Amino acid sequence: EVYNPNGKYRVVSTKSMPGTRWINLLIEQDCRVEICTQKKTILSVEDIIALIGDKCDGVIGQLTEDWGETLFAALSRAGGKAFSNMAVGYNNVDVNAANKHGVAVGNTPGVLTETTAELAASLSLAAARRIVESDQFMRAGLYDGWLPHLFVGNLLKGQTVGVIGAGRIGSAYARMMIIYFSQFLFVVIIACFVIAAYGEFLKANGEQPVTWKRAASMDEVLREADLISLHPILDKTTYHLINKESLATMKKEAILINCSRGPVVDEVALVEHLKQNPMFRVGLDVFEDEPYMKPGLADMKNAVVVPHIASASKWTREGMATLAALNVLGNIKGYPVWGDPNR
Ligand code: DGY
């Protein structure tokens, strides 16, 4: 699919993206926009090399693609100066390789903060109140009347919430748990990597009922929290941050939410833990080997699983596409961009 075929700068998007704003702004700035129409969901390195071709000024790519040495070399050979992931996470991008080949990298922070935090909050409630399990039970025609024990879950009021990775998204999640439930839910926010002045932010906003505490260690979070939401970036320091030992440190009836990246959790250890501890629950948006789940996870009734949809609101996805286009444009033309992973 090609827009503005005579544009001076050739910008390729490896996927069709929501909205038209991103296309229009590239066209207005003299770009020829080419959108890959391949039907398969995940493009290979070879597919992307073919898309880059002999001349390409910039590429908008996706988190499912492996942007390493080979692709940045190909983009650089084609005269490319700019690449943007349509994602805030950029663990699929080798920024050093990009720099080496003179390609500037962009990502899409900010526009997906609240949307992602909303999904983490939704999964928290869904897991606590066993909503998906109950829904499946109803649809299977198994409901034959109210029972005192039927789908008894956890009450979140008065529980201790742990946020691991309190950057933009983790902090928004914490704020949501406070604001949405402040009259009903008193939470202690234990944050490992807490953003500066977060306590001051809460005070300034008059959210008094909340007791807020910075955890001394990750272990303290694991031991004390009833509900833990994971929001760190994925790198070698956070790979399998939640593993057999950390799961064993958590409360037997705790809830774990992951809307960050799959490999932050050792999924094999998690499946085993879910089997051994039927009262332990998880809400997962991300998986170690997407699009697959580790064997056994799909059978676990104490797991709520959704297909990496944390940023999937119309407004957000259009915003991500627009920001990715602006990143590529800015880096082609040499002006500062908002989505700069080094900021
Ligand atoms: C991201 O942006 O990194 C999310 O995983 C997808 O929105």
# chains A, B, ... in the order shown; residues from 1 in each chain; ligands from 1

$ select_by_dssp --residues "range 129-324 of chain A" --states "helix (DSSP H, G or I)" --output "VMD selection string"
chain A and resid 131 to 139 168 to 179 198 to 204 218 to 224 244 to 249 262 to 264 267 to 276 297 to 299 314 to 324

$ closest_atom_pairs --of "range 83-102 of chain A" --to "range 315-330 of chain A" --cutoff "9 Å" --atoms "only C-alpha atoms" --output "tab-separated table"
residue	atom	partner	partner_atom	distance
A:Phe83	CA	A:Val328	CA	5.9
A:Ser84	CA	A:Ala324	CA	5.4
A:Asn85	CA	A:Ala324	CA	6.6
A:Met86	CA	A:Ala324	CA	5.6
A:Ala87	CA	A:Met320	CA	6.9
A:Val88	CA	A:Met320	CA	8.6

$ write_last_selection --atoms "N, CA and C atoms" --output "PDB file, in the first residue's frame"
ATOM      1  N   PHE A  83      14.625   4.788  12.785  1.00  0.00           N
ATOM      2  CA  PHE A  83      13.757   3.640  13.046  1.00  0.00           C
ATOM      3  C   PHE A  83      12.938   3.980  14.277  1.00  0.00           C
ATOM      4  N   SER A  84      11.651   3.674  14.253  1.00  0.00           N
ATOM      5  CA  SER A  84      10.889   3.787  15.500  1.00  0.00           C
ATOM      6  C   SER A  84      10.102   2.511  15.739  1.00  0.00           C
ATOM      7  N   ASN A  85      10.179   2.011  16.960  1.00  0.00           N
ATOM      8  CA  ASN A  85       9.301   0.936  17.399  1.00  0.00           C
ATOM      9  C   ASN A  85       7.943   1.566  17.658  1.00  0.00           C
ATOM     10  N   MET A  86       6.847   0.868  17.305  1.00  0.00           N
ATOM     11  CA  MET A  86       5.529   1.360  17.715  1.00  0.00           C
ATOM     12  C   MET A  86       5.231   0.701  19.076  1.00  0.00           C
ATOM     13  N   ALA A  87       6.001   1.069  20.069  1.00  0.00           N
ATOM     14  CA  ALA A  87       5.897   0.491  21.417  1.00  0.00           C
ATOM     15  C   ALA A  87       6.775   1.320  22.329  1.00  0.00           C
ATOM     16  N   VAL A  88       6.438   1.316  23.606  1.00  0.00           N
ATOM     17  CA  VAL A  88       7.335   1.989  24.546  1.00  0.00           C
ATOM     18  C   VAL A  88       8.517   1.084  24.867  1.00  0.00           C
TER      19      VAL A  88
END

$ residues_near_ligand --ligand "ligand 1" --cutoff "12 Å" --atoms "only C-alpha atoms and all ligand atoms" --output "MDAnalysis selection string"
chainID A and resid 61:64 84:93 106:117 119 169 231:234 258:262 285:287 290 307:314 316:321 323:324 339 341

$ residues_around --residues "Asp289 in chain A" --least-positions-apart "3" --cutoff "10 Å" --atoms "only C-alpha atoms" --output "list of chain:residue names"
A:Gly262, A:Pro263, A:Glu267, A:Val286, A:Tyr292, A:Met293, A:Lys294

$ residues_around --residues "Ala303 in chain A" --least-positions-apart "5" --cutoff "10 Å" --atoms "only C-alpha atoms" --output "PyMOL selection string"
chain A and resi 123+126-127+130+132-133+255-257+271+274+278+280-284+297-298

$ residues_around --residues "Asp266 in chain A" --least-positions-apart "2" --cutoff "7 Å" --atoms "only C-alpha atoms" --output "list of chain:residue names"
A:His240, A:Ile242, A:Asn243, A:Pro263, A:Val264, A:Val268, A:Ala269, A:Leu270

$ residues_around --residues "His273 in chain A" --least-positions-apart "4" --cutoff "8 Å" --atoms "only C-alpha atoms" --output "list of chain:residue names"
A:Lys244, A:Leu247, A:Ala248, A:Ala269, A:Asn277

$ write_last_selection --atoms "C-alpha atoms" --output "compact mmCIF listing (two decimals), in the first residue's frame"
# COMPACT_ATOMS: atom_id res chain seq x y z
CA LYS A 244 10.77 -20.15 41.70
CA LEU A 247 7.19 -17.01 43.96
CA ALA A 248 7.87 -19.07 47.07
CA ALA A 269 8.14 -21.90 37.47
CA ASN A 277 -1.03 -23.18 45.11
